[in-house]
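Q: So here's protein33.txt (compact mmCIF, C-alpha atoms).
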```txt
# COMPACT_ATOMS: atom_id res chain seq x y z
CA MET R 1 -5.29 12.96 -49.60
CA PRO R 2 -3.23 12.66 -46.33
CA PHE R 3 -4.11 9.02 -45.72
CA LYS R 4 -1.35 6.43 -45.51
CA LYS R 5 -1.37 2.69 -45.70
CA ILE R 6 -1.92 1.12 -42.27
CA GLU R 7 1.02 -0.98 -41.14
CA SER R 8 1.05 -3.59 -38.40
CA GLU R 9 2.37 -2.35 -35.07
CA LYS R 10 6.04 -2.88 -34.37
CA LEU R 11 6.72 -5.66 -31.88
CA ALA R 12 8.76 -3.32 -29.71
CA SER R 13 5.82 -0.90 -29.49
CA ALA R 14 3.51 -3.73 -28.42
CA VAL R 15 5.94 -4.68 -25.65
CA VAL R 16 6.15 -1.05 -24.52
CA ARG R 17 2.38 -0.73 -24.33
CA GLN R 18 2.04 -3.95 -22.34
CA ILE R 19 4.70 -2.99 -19.79
CA GLU R 20 3.23 0.52 -19.49
CA ASP R 21 -0.17 -1.00 -18.77
CA LEU R 22 1.25 -3.37 -16.14
CA ILE R 23 2.89 -0.42 -14.37
CA LEU R 24 -0.27 1.69 -14.62
CA GLN R 25 -2.40 -1.14 -13.21
CA GLY R 26 0.00 -1.49 -10.29
CA ILE R 27 0.90 -5.07 -11.23
CA LEU R 28 4.53 -4.11 -11.82
CA ARG R 29 5.59 -2.16 -8.74
CA PRO R 30 8.28 0.50 -8.25
CA GLY R 31 11.60 -1.17 -7.56
CA GLU R 32 10.46 -4.56 -8.86
CA ARG R 33 13.05 -6.48 -10.87
CA LEU R 34 11.98 -7.68 -14.32
CA PRO R 35 12.79 -11.22 -15.47
CA SER R 36 15.96 -11.80 -17.49
CA GLU R 37 16.13 -10.71 -21.12
CA ARG R 38 15.89 -14.31 -22.30
CA GLU R 39 12.83 -15.03 -20.15
CA LEU R 40 11.12 -11.78 -21.11
CA SER R 41 11.65 -12.35 -24.82
CA GLU R 42 10.16 -15.83 -24.45
CA ARG R 43 7.14 -14.58 -22.50
CA PHE R 44 6.42 -11.82 -25.00
CA GLY R 45 7.20 -14.06 -27.94
CA VAL R 46 9.52 -11.46 -29.50
CA SER R 47 13.17 -11.40 -30.48
CA ARG R 48 15.79 -10.03 -28.14
CA PRO R 49 16.52 -7.04 -30.41
CA SER R 50 12.82 -6.08 -30.30
CA LEU R 51 12.81 -6.47 -26.52
CA ARG R 52 15.96 -4.34 -26.17
CA GLU R 53 14.36 -1.63 -28.30
CA ALA R 54 11.29 -1.64 -26.05
CA VAL R 55 13.36 -1.53 -22.86
CA ALA R 56 15.45 1.34 -24.24
CA GLU R 57 12.27 3.31 -24.98
CA LEU R 58 10.88 2.65 -21.50
CA GLN R 59 14.17 3.70 -19.93
CA LYS R 60 14.12 6.91 -21.95
CA SER R 61 10.60 7.65 -20.72
CA GLY R 62 11.69 7.05 -17.11
CA LEU R 63 9.57 3.95 -16.44
CA LEU R 64 12.43 1.43 -16.29
CA CYS R 65 15.99 1.70 -15.03
CA THR R 66 19.05 -0.52 -15.18
CA LYS R 67 21.25 -1.35 -12.20
CA ALA R 68 24.72 -2.54 -13.11
CA GLY R 69 25.09 -6.25 -12.50
CA SER R 70 21.55 -6.55 -11.14
CA GLY R 71 19.20 -6.23 -14.10
CA ILE R 72 16.25 -4.11 -15.18
CA PHE R 73 13.89 -2.61 -12.62
CA VAL R 74 10.69 -0.62 -12.56
CA ALA R 75 11.69 2.95 -11.77
CA ASP R 76 10.41 4.77 -8.70
CA VAL R 77 7.50 6.18 -10.66
CA LEU R 78 5.62 7.19 -7.51
CA GLY R 79 8.17 9.50 -5.96
CA SER R 80 6.67 11.47 -3.11
CA ALA R 81 3.45 13.43 -3.21
CA PHE R 82 4.90 15.71 -0.53
CA SER R 83 8.09 17.66 -0.03
CA PRO R 84 10.53 16.55 2.71
CA ALA R 85 9.67 19.71 4.66
CA LEU R 86 5.96 18.89 4.61
CA ILE R 87 6.65 15.26 5.58
CA ARG R 88 8.55 16.55 8.65
CA LEU R 89 5.52 18.66 9.56
CA PHE R 90 3.25 15.63 9.17
CA SER R 91 5.42 13.58 11.51
CA SER R 92 5.27 16.21 14.26
CA ASN R 93 1.65 17.32 13.94
CA GLU R 94 -1.07 15.42 15.75
CA GLN R 95 -3.86 16.81 13.56
CA ALA R 96 -2.10 15.39 10.48
CA LEU R 97 -2.21 11.93 12.06
CA PHE R 98 -5.96 11.96 12.56
CA ASP R 99 -6.59 13.60 9.20
CA TYR R 100 -4.58 10.75 7.67
CA ILE R 101 -6.72 8.15 9.45
CA SER R 102 -9.88 9.94 8.28
CA PHE R 103 -8.52 10.04 4.73
CA ARG R 104 -7.83 6.30 4.82
CA ARG R 105 -11.30 5.62 6.26
CA ASP R 106 -12.98 7.30 3.31
CA LEU R 107 -10.67 6.13 0.50
CA GLU R 108 -10.21 2.57 1.73
CA GLY R 109 -13.92 2.27 2.36
CA LEU R 110 -14.53 3.16 -1.27
CA ALA R 111 -11.77 0.78 -2.36
CA ALA R 112 -13.32 -2.09 -0.39
CA GLU R 113 -16.72 -1.33 -1.88
CA ARG R 114 -15.23 -1.41 -5.37
CA ALA R 115 -13.17 -4.53 -4.63
CA ALA R 116 -16.28 -6.42 -3.57
CA THR R 117 -17.95 -5.38 -6.83
CA TYR R 118 -15.14 -5.36 -9.40
CA GLY R 119 -12.38 -7.47 -7.87
CA SER R 120 -11.53 -10.65 -9.74
CA ASP R 121 -11.55 -14.05 -8.08
CA THR R 122 -7.75 -13.89 -8.10
CA ASP R 123 -7.81 -10.47 -6.38
CA LEU R 124 -10.02 -11.78 -3.59
CA LYS R 125 -7.90 -14.91 -3.26
CA VAL R 126 -4.87 -12.70 -2.60
CA VAL R 127 -6.79 -10.87 0.13
CA ASP R 128 -7.91 -14.17 1.66
CA THR R 129 -4.36 -15.56 1.57
CA LEU R 130 -2.99 -12.48 3.31
CA PHE R 131 -5.63 -12.77 6.02
CA ALA R 132 -4.62 -16.40 6.57
CA GLN R 133 -1.01 -15.22 6.94
CA MET R 134 -2.17 -12.62 9.46
CA GLU R 135 -3.92 -15.34 11.46
CA ALA R 136 -0.73 -17.41 11.42
CA ALA R 137 1.37 -14.44 12.61
CA HIS R 138 -1.21 -13.79 15.34
CA ALA R 139 -0.99 -17.40 16.51
CA LYS R 140 2.81 -17.09 16.67
CA ARG R 141 2.39 -13.90 18.71
CA ASN R 142 4.54 -12.00 16.27
CA PRO R 143 3.24 -8.40 16.34
CA ALA R 144 5.93 -7.10 13.97
CA GLU R 145 4.93 -9.65 11.32
CA GLU R 146 1.24 -8.92 11.91
CA ALA R 147 1.89 -5.21 11.36
CA GLN R 148 3.74 -5.91 8.12
CA ILE R 149 0.98 -8.16 6.78
CA ASP R 150 -1.58 -5.56 7.84
CA ALA R 151 -0.18 -3.10 5.28
CA GLN R 152 -0.08 -5.78 2.57
CA PHE R 153 -3.69 -6.76 3.34
CA HIS R 154 -4.94 -3.19 2.98
CA MET R 155 -2.96 -2.61 -0.22
CA ALA R 156 -4.36 -5.85 -1.69
CA ILE R 157 -7.88 -4.48 -1.15
CA ILE R 158 -6.94 -1.20 -2.81
CA GLU R 159 -5.39 -3.04 -5.76
CA ALA R 160 -8.56 -5.13 -6.07
CA SER R 161 -10.54 -1.90 -6.55
CA HIS R 162 -9.13 -1.63 -10.09
CA ASN R 163 -8.94 2.16 -9.89
CA VAL R 164 -5.46 3.04 -11.14
CA VAL R 165 -5.44 6.55 -9.63
CA MET R 166 -6.45 5.23 -6.23
CA ILE R 167 -3.88 2.43 -6.40
CA HIS R 168 -0.92 4.72 -7.05
CA MET R 169 -2.08 7.46 -4.67
CA MET R 170 -2.66 5.05 -1.79
CA ARG R 171 0.60 3.20 -2.46
CA ALA R 172 2.44 6.51 -2.01
CA MET R 173 0.49 7.17 1.20
CA PHE R 174 1.30 3.70 2.54
CA ASP R 175 4.98 4.35 1.87
CA LEU R 176 4.77 7.26 4.30
CA LEU R 177 3.09 5.00 6.85
CA ALA R 178 5.76 2.33 6.40
CA GLU R 179 8.40 4.98 7.09
CA GLY R 180 6.67 5.82 10.38
CA VAL R 181 5.73 9.34 9.30
CA PHE R 182 2.24 9.13 10.79
CA TYR R 183 2.50 6.33 13.34
CA ASN R 184 4.18 3.00 13.93
CA ARG R 185 1.74 0.17 13.23
CA ALA R 186 3.78 -2.21 15.39
CA ILE R 187 2.89 -0.16 18.48
CA MET R 188 -0.78 -1.04 18.08
CA PHE R 189 -0.04 -4.74 17.70
CA ARG R 190 1.92 -4.98 20.97
CA ASN R 191 -1.19 -5.02 23.15
CA ARG R 192 -2.74 -8.51 23.21
CA THR R 193 -6.36 -7.31 23.49
CA THR R 194 -5.84 -4.80 20.69
CA ARG R 195 -4.28 -7.50 18.49
CA VAL R 196 -7.34 -9.72 18.95
CA ARG R 197 -9.71 -6.90 18.03
CA LEU R 198 -7.62 -5.94 15.02
CA LEU R 199 -7.64 -9.52 13.79
CA ASP R 200 -11.44 -9.67 14.18
CA GLN R 201 -11.77 -6.44 12.19
CA HIS R 202 -9.64 -7.80 9.36
CA ARG R 203 -11.67 -11.00 9.46
CA ALA R 204 -14.84 -8.94 8.98
CA MET R 205 -13.31 -7.10 6.02
CA ASN R 206 -12.18 -10.33 4.41
CA ALA R 207 -15.54 -12.05 4.99
CA ALA R 208 -17.43 -9.16 3.39
CA LEU R 209 -15.13 -9.16 0.37
CA GLN R 210 -15.31 -12.92 -0.12
CA ALA R 211 -19.12 -12.64 0.06
CA ARG R 212 -18.91 -9.79 -2.49
CA ASP R 213 -20.95 -7.56 -0.20
CA PRO R 214 -19.89 -3.97 -0.98
CA VAL R 215 -21.96 -2.37 1.79
CA ALA R 216 -20.57 -4.70 4.47
CA ALA R 217 -17.02 -4.30 3.09
CA ARG R 218 -17.17 -0.51 3.35
CA ALA R 219 -18.70 -0.69 6.82
CA ALA R 220 -16.00 -3.11 8.00
CA VAL R 221 -13.26 -0.73 6.84
CA ALA R 222 -14.98 2.21 8.55
CA GLY R 223 -15.25 0.26 11.80
CA HIS R 224 -11.59 -0.69 11.62
CA MET R 225 -10.37 2.83 10.95
CA ASP R 226 -12.60 4.24 13.72
CA PHE R 227 -10.91 1.76 16.08
CA VAL R 228 -7.45 2.84 14.86
CA ASP R 229 -8.47 6.47 15.47
CA HIS R 230 -9.55 5.63 19.04
CA GLU R 231 -6.42 3.61 19.82
CA MET R 232 -4.10 6.31 18.50
CA SER R 233 -5.98 8.87 20.59
CA VAL R 234 -5.32 6.74 23.68
CA ILE R 235 -1.64 6.29 22.76
CA ARG R 236 -1.09 9.98 22.08
CA ARG R 237 -2.86 10.94 25.33
CA ALA R 238 -0.59 8.57 27.27
CA GLU R 239 2.47 10.05 25.54
CA ARG R 240 1.39 13.59 26.47
CA ASN R 241 0.78 12.57 30.09
CA GLU R 242 4.19 10.90 30.26
CA ALA R 243 5.88 13.96 28.79
CA THR R 244 4.11 16.21 31.31
CA ALA R 245 5.14 13.94 34.19
CA LEU R 246 8.77 13.96 33.04
CA LEU R 247 8.71 17.74 32.72
CA ARG R 248 7.37 18.11 36.26
CA LEU R 249 9.99 15.70 37.55
CA SER R 250 12.70 17.71 35.83
CA HIS R 251 11.44 20.95 37.39
CA ASN R 252 11.39 19.34 40.83
CA ASP R 253 14.98 18.16 40.39
CA GLU R 254 16.07 21.70 39.47
CA ARG R 255 14.64 22.97 42.75
```
Could you quickly redo this structure as structure tokens?
A:
Amino acid sequence: MPFKKIESEKLASAVVRQIEDLILQGILRPGERLPSERELSERFGVSRPSLREAVAELQKSGLLCTKAGSGIFVADVLGSAFSPALIRLFSSNEQALFDYISFRRDLEGLAAERAATYGSDTDLKVVDTLFAQMEAAHAKRNPAEEAQIDAQFHMAIIEASHNVVMIHMMRAMFDLLAEGVFYNRAIMFRNRTTRVRLLDQHRAMNAALQARDPVAARAAVAGHMDFVDHEMSVIRRAERNEATALLRLSHNDER
């Protein structure tokens, strides 16, 4: 018969599985530096040779990479969902901007609904802490910092959804936003009235999540993204009008 005696799992294999799971869950992020070999071996409770074997296997599979003199890092496992040529089209196409906002409205609404239902107390504490940081940045009148925390706040909600496909997909989409492919968040935070309304919208999202109200959480995200859609429409209209005015001025100068 083809049956063989069952042997206990190798320690290195157990380490591999645990690191793979941490990457899959989005807990270990692309580019994140792992602790030192000594600290890792202590945390896992394995010998250094076993740890080295696990790291070598994860490097071979493309999940970890080594940087000379710096240590071991999580590889850029996300990459880009889009080619550079398509990203250039996104950045120059107005329809892509509003399709992106619509996409976020639907997906983040679902994420917020799931976060209110499945998020752990720790997950929701992270969201609450980020909102407190946003309030502090608002009080300091630091729109650039507010914009940065805004992205972290939204990603914390997505991570609290505990849907690994959604986490990695939305992280890749947020990377495009951070690069300014669709729009510059800081532009929206420059206007004082807009900043106040944005803070109130994030407060509503946080309150719904802390109350574990999935319906209110999804509605709060929808309201926020509808506001972003409106504000970007106003900004783009102003940009078109300014471009038209400059073009007319140029034509007049040529005459």
Q: Can you tell me which residues surround Ala217 in chain R at a distance of at most 6 Å, considering all atoms listed in the file, apart from same-chain residues fewer than 6 positions away, and format the answer as a VMD selection string?
A: chain R and resid 112 to 113 205 208 to 209
Q: Can I get the residues of range 36-144 of chain R within 9 Å of range 199-202 of chain R, each with the closest pair of atoms and their distance in Å to one decimal, using all atoms listed in the file, sorted chain first then ascending number, as CSV?
A:
```
residue,atom,partner,partner_atom,distance
R:Phe131,CA,R:His202,CA,7.2
R:Met134,CA,R:Leu199,CA,7.6
R:Glu135,CA,R:Leu199,CA,7.3
R:His138,CA,R:Leu199,CA,7.9
```
Q: So, with all atoms listed in the file as the atoms that count, which of R:Leu110, R:Leu97, R:Leu64, R:Val126 lies closest to Ala220 in chain R?
A: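 Among the listed residues, the smallest separation from Ala220 in chain R belongs to R:Leu110.
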Q: Smallest atom-to-atom distance to Thr117 in chain R: which of R:Pro214, R:Gly180, R:Pro143, R:Gly62, using only C-alpha atoms?
A: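 Among the listed residues, R:Pro214 lies closest to Thr117 in chain R.
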Q: Residues near Ala160 in chain R, anyone? I mean within 7 Å using all atoms listed in the file, not counting same-chain ones fewer than 6 positions away, as a list in words.
A: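 So, after excluding close chain neighbours, the residues are Ala115, Gly119 and Asp123 of chain R.
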Q: Residues of the last selection are to be written out with C-alpha atoms, as a PDB file, in the coordinates of the input.
A:
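Result file selection_2.pdb:
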```pdb
ATOM      1  CA  ALA R 115     -13.170  -4.530  -4.630  1.00  0.00           C
ATOM      2  CA  GLY R 119     -12.380  -7.470  -7.870  1.00  0.00           C
ATOM      3  CA  ASP R 123      -7.810 -10.470  -6.380  1.00  0.00           C
TER       4      ASP R 123
END
```
Q: When you look at Ser92 in chain R with a cut-off of 12 Å (counting all atoms listed in the file), what residues show up, excluding the ones that are within fewer than 3 positions of it in the same chain? I need them as an MDAnalysis selection string.
A: chainID R and resid 85:89 95:97 180:183 236
Q: Given the choices R:Val16, R:Ile235, R:Ala211, R:Met173, which gets closest to Lys125 in chain R if the distance is worked out from all atoms listed in the file?
A: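 Looking at the shortest contact to Lys125 in chain R, the residue is R:Ala211.
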Q: Using only C-alpha atoms, find all polymer residues with an atom at most 12 Å away from the point (4.8, 6.9, -0.5); report them as a PDB file with C-alpha atoms, in the coordinates of the input.
A:
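The result, written out as selection-v8.pdb:
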```pdb
ATOM      1  CA  PRO R  30       8.280   0.500  -8.250  1.00  0.00           C
ATOM      2  CA  ASP R  76      10.410   4.770  -8.700  1.00  0.00           C
ATOM      3  CA  VAL R  77       7.500   6.180 -10.660  1.00  0.00           C
ATOM      4  CA  LEU R  78       5.620   7.190  -7.510  1.00  0.00           C
ATOM      5  CA  GLY R  79       8.170   9.500  -5.960  1.00  0.00           C
ATOM      6  CA  SER R  80       6.670  11.470  -3.110  1.00  0.00           C
ATOM      7  CA  ALA R  81       3.450  13.430  -3.210  1.00  0.00           C
ATOM      8  CA  PHE R  82       4.900  15.710  -0.530  1.00  0.00           C
ATOM      9  CA  SER R  83       8.090  17.660  -0.030  1.00  0.00           C
ATOM     10  CA  PRO R  84      10.530  16.550   2.710  1.00  0.00           C
ATOM     11  CA  ILE R  87       6.650  15.260   5.580  1.00  0.00           C
ATOM     12  CA  ILE R 167      -3.880   2.430  -6.400  1.00  0.00           C
ATOM     13  CA  HIS R 168      -0.920   4.720  -7.050  1.00  0.00           C
ATOM     14  CA  MET R 169      -2.080   7.460  -4.670  1.00  0.00           C
ATOM     15  CA  MET R 170      -2.660   5.050  -1.790  1.00  0.00           C
ATOM     16  CA  ARG R 171       0.600   3.200  -2.460  1.00  0.00           C
ATOM     17  CA  ALA R 172       2.440   6.510  -2.010  1.00  0.00           C
ATOM     18  CA  MET R 173       0.490   7.170   1.200  1.00  0.00           C
ATOM     19  CA  PHE R 174       1.300   3.700   2.540  1.00  0.00           C
ATOM     20  CA  ASP R 175       4.980   4.350   1.870  1.00  0.00           C
ATOM     21  CA  LEU R 176       4.770   7.260   4.300  1.00  0.00           C
ATOM     22  CA  LEU R 177       3.090   5.000   6.850  1.00  0.00           C
ATOM     23  CA  ALA R 178       5.760   2.330   6.400  1.00  0.00           C
ATOM     24  CA  GLU R 179       8.400   4.980   7.090  1.00  0.00           C
ATOM     25  CA  GLY R 180       6.670   5.820  10.380  1.00  0.00           C
ATOM     26  CA  VAL R 181       5.730   9.340   9.300  1.00  0.00           C
ATOM     27  CA  PHE R 182       2.240   9.130  10.790  1.00  0.00           C
TER      28      PHE R 182
END
```
Q: What is the distance, in Å and to one decimal place, between CA of Asp106 in chain R and CA of Met225 in chain R?
A: 9.2 Å
Q: Tell me, in Å to one decimal, how far CA of Ser120 in chain R is from CA of Ser161 in chain R.
A: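 Value for the CA of Ser120 in chain R-CA of Ser161 in chain R distance: 9.4 Å.
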Q: Any idea what's packed within 7 Å of Ala111 in chain R, counting only C-alpha atoms, ignoring anything in its chain fewer than 3 positions away? Could you give it as a PDB file with C-alpha atoms, keeping the file's coordinate frame?
A:
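Listed below is the output, out.pdb:
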```pdb
ATOM      1  CA  LEU R 107     -10.670   6.130   0.500  1.00  0.00           C
ATOM      2  CA  GLU R 108     -10.210   2.570   1.730  1.00  0.00           C
ATOM      3  CA  ARG R 114     -15.230  -1.410  -5.370  1.00  0.00           C
ATOM      4  CA  ALA R 115     -13.170  -4.530  -4.630  1.00  0.00           C
ATOM      5  CA  ILE R 157      -7.880  -4.480  -1.150  1.00  0.00           C
ATOM      6  CA  ILE R 158      -6.940  -1.200  -2.810  1.00  0.00           C
ATOM      7  CA  SER R 161     -10.540  -1.900  -6.550  1.00  0.00           C
TER       8      SER R 161
END
```
